[in-house]
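Everything on this sheet refers to the single structure shown next.
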Amino acid sequence: ELYIEQFKKVIGLLEETDFYKIKGDSYQESMERVAFLKDIIENKDGYKLFYVEGQPLKREADLQILYRLTWFASSSDVNREVNNGRGPVDFKVSKGRKDKTLIEFKLANNTQLKKNLQNQVKIYEKANDTNKSIKVILYFSEAELKKVIDILNELDLAGKEEIVLIDARNDNKPSASKAS
């Protein structure tokens with residue numbers, strides 16, 4: 001019930017924008033929707049969706065549901081948990097057979113994060129006949145952010161466009177009237 005009520009708020013925010021008029025190939029459209037989700041979580045109190053009584057609910061499925069909601073009224077084919085061999089990718093977005101993008105969501109506290117970033121999506125790309133993918137990592141603390149940055153630096157992925165970090169911390173978003 002908590003999520004249903006909170007998700008309704010996200011849909012309302014989307015309907016007030018030009019969000020559903022996004023153009024471009026599957027990668028551009030997927031990236032714009034990831035960027036929109038990032039903005040909602042980081043700048044428009046969307047991070048609160050992941051907290052109950054001040055404690056984070058660290059569930060990848062919640063982030064996936066939010067992302068799926070951003071695809072309302074799109075002409076793209078959006079599928080979740082697509083398994084074309086070697087395991088299911090979180091999302092596959094396509095505009096026909098030759099234009100496919102994969103989106104994989106991870107939590108920063110995932111013990112397999114480094115291994116996943118290093119190998120998992122490359123395998124999914126081969127299985128889905130594409131070379132376009134986006135990896136989204138949600139973090140809830142400064143320590144988790146540091147861990148992710150260290151991994152990205154070690155794998156030479158820091159600063160790559162296709163790696164998107166989303167800040168869901170609740171300790172660094174003061175009210176504008178209290179911000180310094």
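Naming scheme: A, B, ... for chains in displayed order of the structure tokens; residues 1 onward per chain; ligands 1 onward as shown.
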- Query: If we count only C-alpha atoms, what is near region 124-138 of chain A at a cut-off of 8 Å, once residues fewer than 5 positions away on the same chain are taken out, given as a count of residues only?
  - Reply: 28
- DSSP on the backbone: what in region 6-168 of chain A comes out helix (DSSP H, G or I), as a PyMOL selection string? chain A and resi 6-15+19-21+26-43+46-50+60-69+113-127+142-154
- Query: Mind pulling up the distance from CA of Glu161 (chain A) to CA of Glu32 (chain A)?
  - Reply: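 CA of Glu32 (chain A) sits 11.8 Å away from CA of Glu161 (chain A).
Taking only C-alpha atoms, the non-local environment of region 75-79 of chain A within 6 Å (same-chain residues fewer than 4 positions away omitted) comprises Phe91, Lys92, Val93, Ser94 and Lys95 of chain A.
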Include N, CA, C and O atoms and write out the residues we just selected as a short mmCIF file (atom, residue, chain, number, x, y, z; two decimals), in the first residue's frame.
```cif
data_model
loop_
_atom_site.label_atom_id
_atom_site.label_comp_id
_atom_site.auth_asym_id
_atom_site.auth_seq_id
_atom_site.Cartn_x
_atom_site.Cartn_y
_atom_site.Cartn_z
N PHE A 91 16.06 -5.15 -17.78
CA PHE A 91 15.19 -4.59 -18.81
C PHE A 91 15.85 -4.69 -20.17
O PHE A 91 17.07 -4.51 -20.31
N LYS A 92 15.02 -4.93 -21.16
CA LYS A 92 15.44 -4.82 -22.56
C LYS A 92 14.44 -3.89 -23.24
O LYS A 92 13.24 -4.13 -23.21
N VAL A 93 14.96 -2.81 -23.82
CA VAL A 93 14.15 -1.83 -24.52
C VAL A 93 14.53 -1.92 -25.98
O VAL A 93 15.71 -1.89 -26.33
N SER A 94 13.51 -2.04 -26.84
CA SER A 94 13.83 -2.15 -28.26
C SER A 94 12.87 -1.36 -29.12
O SER A 94 11.73 -1.10 -28.75
N LYS A 95 13.42 -0.97 -30.25
CA LYS A 95 12.64 -0.33 -31.31
C LYS A 95 12.94 -1.14 -32.57
O LYS A 95 13.62 -0.68 -33.46
#
```
- DSSP says strand (DSSP E or B) for which residues of region 60-144 of chain A? Put them as a list of chain:residue names?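 Put together, the selection reads A:Asp77, A:Val78, A:Asn79, A:Arg80, A:Glu81, A:Val82, A:Val89, A:Asp90, A:Phe91, A:Lys92, A:Val93, A:Ser94, A:Lys100, A:Thr101, A:Leu102, A:Ile103, A:Glu104, A:Phe105, A:Lys106, A:Leu107, A:Ser133, A:Ile134, A:Lys135, A:Val136, A:Ile137, A:Leu138, A:Tyr139.
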- Task: Could you tell me how far CA of Asn153 (chain A) lies from CA of Lys114 (chain A), in Å and to one decimal?
- Result: 10.7 Å
- Among the residues A:Glu144, A:Leu69, A:Arg33, A:Asp62, the one that comes closest to Lys8 (chain A) [using only C-alpha atoms]: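 Among the listed residues, A:Leu69 lies closest to Lys8 (chain A).
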- Item | Nearest candidate to Gln6 (chain A) (options A:Glu60, A:Asp45, A:Glu142, A:Asp150; using only C-alpha atoms) | A:Asp45
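When only C-alpha atoms are used to compute distances to Ser26 (chain A), the closest of the residues A:Arg97, A:Lys146, A:Lys115, A:Arg68 turns out to be A:Arg97.
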- Query: From the list A:Ile151, A:Ser175, A:Tyr67, A:Asn116, which residue is nearest Lys44 (chain A) when using only C-alpha atoms?
  - Reply: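 Closest to Lys44 (chain A) of all the choices is A:Ser175.
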- How far is it from CA of Ile41 (chain A) to CA of Phe140 (chain A), in Å with one decimal?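 Computing it gives 11.4 Å between the two atoms.
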